[in-house]
Amino acid sequence: MKPKLKEMYSLQLSQPLDEFWPEDESNFAIPIRLMIGPEDSLGSESFDILVCTPDWIKRQYIEEKCVWGHHMLIVMEYDFSLIQQKIERYLIGCTGEDWQAVARKLRIMGSWEFEDYQS
């Protein structure tokens, strides 16, 4: 089974990501929701990441001098096409026998909506 990026947006923005431009393109952080599902079906599940720059990390954590980097994509500047390409390239390596196997690989990249779900 192969995953497919079906939608990509930020809950904090009123416009699409490809129309957004940060005030300072080299110092920003934006949470992004990725809707990913099997390429051969209509369904998808959410995976959340924080796209940010090294300057933003430095500024946010200057006093603490350290920070955890889980579910982050660190870029040098805002470039929507590059961000989307990087995510889609990551998905190529996330194949599996079923959706659960694929999702286990994807949750390393982003926070999966069903990560701690127990039936």
# chains A, B, ... in the order shown; residues from 1 in each chain; ligands from 1

$ select_by_dssp --residues "segment 7-92 of chain A" --states "strand (DSSP E or B)" --output "list in words"
Glu7, Met8, Tyr9, Ala29, Ile30, Pro31, Ile32, Arg33, Leu34, Met35, Ile36, Gly37, Pro38, Glu45, Ser46, Phe47, Asp48, Ile49, Leu50, Val51, Cys52, Met72, Leu73 and Ile74 of chain A

$ residues_around --residues "segment 85-100 of chain A" --least-positions-apart "3" --cutoff "12 Å" --atoms "only C-alpha atoms" --output "compact mmCIF listing (two decimals) with N, CA and C atoms, in the first residue's frame"
# COMPACT_ATOMS: atom_id res chain seq x y z
N MET A 1 0.84 -1.18 0.00
CA MET A 1 0.00 0.00 0.00
C MET A 1 0.89 1.24 0.00
N LYS A 2 0.47 2.24 -0.77
CA LYS A 2 1.24 3.48 -0.88
C LYS A 2 0.41 4.65 -0.37
N PRO A 3 1.03 5.56 0.41
CA PRO A 3 0.31 6.73 0.88
C PRO A 3 0.33 7.86 -0.16
N LYS A 4 -0.68 8.73 -0.05
CA LYS A 4 -0.76 9.89 -0.94
C LYS A 4 -1.14 11.13 -0.13
N LEU A 5 -0.44 12.24 -0.38
CA LEU A 5 -0.78 13.52 0.24
C LEU A 5 -2.01 14.05 -0.48
N LYS A 6 -3.12 14.17 0.25
CA LYS A 6 -4.38 14.57 -0.37
C LYS A 6 -4.73 16.02 -0.11
N GLU A 7 -4.22 16.56 0.99
CA GLU A 7 -4.48 17.96 1.33
C GLU A 7 -3.43 18.43 2.31
N MET A 8 -3.19 19.73 2.29
CA MET A 8 -2.16 20.32 3.16
C MET A 8 -2.61 21.74 3.49
N ILE A 32 1.29 22.80 10.27
CA ILE A 32 0.65 22.36 9.04
C ILE A 32 0.00 20.99 9.26
N ARG A 33 -1.22 20.88 8.79
CA ARG A 33 -1.93 19.60 8.84
C ARG A 33 -1.84 18.94 7.47
N LEU A 34 -1.37 17.71 7.47
CA LEU A 34 -1.27 16.91 6.26
C LEU A 34 -2.38 15.87 6.29
N MET A 35 -3.18 15.83 5.25
CA MET A 35 -4.21 14.80 5.13
C MET A 35 -3.65 13.76 4.15
N ILE A 36 -3.39 12.58 4.70
CA ILE A 36 -2.73 11.51 3.93
C ILE A 36 -3.58 10.25 4.02
N GLY A 37 -3.68 9.58 2.89
CA GLY A 37 -4.43 8.33 2.87
C GLY A 37 -3.89 7.41 1.79
N PRO A 38 -4.43 6.20 1.71
CA PRO A 38 -4.00 5.28 0.66
C PRO A 38 -4.26 5.89 -0.71
N GLU A 39 -3.32 5.72 -1.63
CA GLU A 39 -3.46 6.33 -2.94
C GLU A 39 -4.66 5.81 -3.73
N ASP A 40 -5.14 4.61 -3.38
CA ASP A 40 -6.24 4.02 -4.14
C ASP A 40 -7.60 4.14 -3.44
N SER A 41 -7.71 5.09 -2.47
CA SER A 41 -9.00 5.28 -1.81
C SER A 41 -9.22 6.77 -1.54
N GLY A 43 -10.35 8.08 1.41
CA GLY A 43 -10.13 8.42 2.80
C GLY A 43 -8.75 8.98 3.09
N SER A 44 -8.66 9.70 4.22
CA SER A 44 -7.37 10.22 4.67
C SER A 44 -7.41 10.43 6.18
N GLU A 45 -6.25 10.54 6.77
CA GLU A 45 -6.10 10.81 8.19
C GLU A 45 -5.12 11.94 8.35
N PHE A 47 -2.01 14.19 9.89
CA PHE A 47 -0.66 14.15 10.47
C PHE A 47 -0.22 15.61 10.59
N ASP A 48 0.11 16.04 11.80
CA ASP A 48 0.48 17.44 12.02
C ASP A 48 1.98 17.61 12.18
N ILE A 49 2.50 18.63 11.52
CA ILE A 49 3.92 18.96 11.63
C ILE A 49 4.06 20.45 11.90
N VAL A 51 6.41 23.42 10.60
CA VAL A 51 7.43 23.85 9.65
C VAL A 51 8.02 25.13 10.21
N MET A 72 8.87 18.01 13.38
CA MET A 72 9.26 19.30 12.81
C MET A 72 9.92 19.10 11.45
N LEU A 73 9.64 20.02 10.54
CA LEU A 73 10.37 20.11 9.29
C LEU A 73 11.06 21.46 9.33
N ILE A 74 12.37 21.44 9.35
CA ILE A 74 13.15 22.68 9.48
C ILE A 74 13.63 23.10 8.10
N VAL A 75 13.28 24.32 7.73
CA VAL A 75 13.63 24.87 6.42
C VAL A 75 14.41 26.17 6.61
N ASP A 79 9.22 28.25 1.42
CA ASP A 79 9.10 27.90 0.01
C ASP A 79 8.08 26.76 -0.06
N PHE A 80 6.83 27.12 -0.35
CA PHE A 80 5.75 26.15 -0.32
C PHE A 80 6.05 24.93 -1.21
N SER A 81 6.54 25.17 -2.41
CA SER A 81 6.83 24.05 -3.33
C SER A 81 7.86 23.11 -2.75
N LEU A 82 8.91 23.65 -2.17
CA LEU A 82 9.95 22.82 -1.56
C LEU A 82 9.39 22.00 -0.40
N ALA A 103 0.89 3.94 8.28
CA ALA A 103 0.69 5.00 9.28
C ALA A 103 1.77 4.98 10.37
N ARG A 104 2.24 3.79 10.74
CA ARG A 104 3.32 3.71 11.74
C ARG A 104 4.58 4.40 11.23
N LYS A 105 4.84 4.33 9.93
CA LYS A 105 6.00 5.01 9.35
C LYS A 105 5.74 6.52 9.25
N LEU A 106 4.52 6.89 8.91
CA LEU A 106 4.19 8.31 8.76
C LEU A 106 4.21 9.06 10.09
N ARG A 107 3.87 8.37 11.17
CA ARG A 107 3.80 9.06 12.47
C ARG A 107 5.17 9.50 12.98
N ILE A 108 6.23 9.01 12.36
CA ILE A 108 7.56 9.50 12.70
C ILE A 108 7.72 10.93 12.18
N MET A 109 7.13 11.21 11.03
CA MET A 109 7.19 12.52 10.41
C MET A 109 6.23 13.51 11.09
N GLY A 110 5.00 13.08 11.35
CA GLY A 110 3.98 13.98 11.89
C GLY A 110 3.15 13.31 12.95
N TRP A 112 0.17 11.77 14.32
CA TRP A 112 -0.96 11.08 13.72
C TRP A 112 -2.18 11.21 14.62
N PHE A 114 -4.52 9.26 15.19
CA PHE A 114 -4.83 8.03 15.89
C PHE A 114 -3.63 7.41 16.58
N GLU A 115 -2.60 8.20 16.85
CA GLU A 115 -1.34 7.69 17.38
C GLU A 115 -1.50 6.89 18.67
N TYR A 117 -4.51 5.84 19.89
CA TYR A 117 -5.85 5.26 19.89
C TYR A 117 -5.79 3.79 20.30

$ atom_distance --atom1 "atom CA of Lys65 of chain A" --atom2 "atom CA of Ser111 of chain A"
24.4 Å

$ residues_around --residues "segment 13-23 of chain A" --least-positions-apart "2" --cutoff "10 Å" --atoms "only C-alpha atoms" --output "number ranges by chain"
A: 8-11, 25-32, 77-81, 84

$ closest_residue --among "A:Met76, A:Leu42, A:Trp68, A:Ile62" --to "Asp24 of chain A" --atoms "only C-alpha atoms"
A:Met76

$ select_by_dssp --residues "segment 9-107 of chain A" --states "alpha helix (DSSP H)" --output "PyMOL selection string"
chain A and resi 54-60+80-92+99-107

$ write_last_selection --atoms "C-alpha atoms" --output "compact mmCIF listing (two decimals), in the first residue's frame"
# COMPACT_ATOMS: atom_id res chain seq x y z
CA PRO A 54 16.54 27.61 12.53
CA ASP A 55 16.26 31.34 13.33
CA TRP A 56 12.79 30.80 14.78
CA ILE A 57 14.08 27.93 16.91
CA LYS A 58 16.99 30.05 18.16
CA ARG A 59 14.74 32.97 19.01
CA GLN A 60 12.11 30.84 20.78
CA PHE A 80 5.75 26.15 -0.32
CA SER A 81 6.83 24.05 -3.33
CA LEU A 82 9.95 22.82 -1.56
CA ILE A 83 7.99 21.93 1.58
CA GLN A 84 5.39 20.01 -0.41
CA GLN A 85 8.07 18.20 -2.45
CA LYS A 86 9.96 17.19 0.71
CA ILE A 87 6.80 15.74 2.23
CA GLU A 88 5.87 13.87 -0.93
CA ARG A 89 9.39 12.43 -1.20
CA TYR A 90 9.15 11.22 2.39
CA LEU A 91 5.88 9.43 1.56
CA ILE A 92 7.59 7.38 -1.15
CA TRP A 99 -2.67 1.17 6.23
CA GLN A 100 -1.57 0.51 9.83
CA ALA A 101 1.95 -0.35 8.65
CA VAL A 102 2.05 2.78 6.49
CA ALA A 103 0.69 5.00 9.28
CA ARG A 104 3.32 3.71 11.74
CA LYS A 105 6.00 5.01 9.35
CA LEU A 106 4.19 8.31 8.76
CA ARG A 107 3.80 9.06 12.47
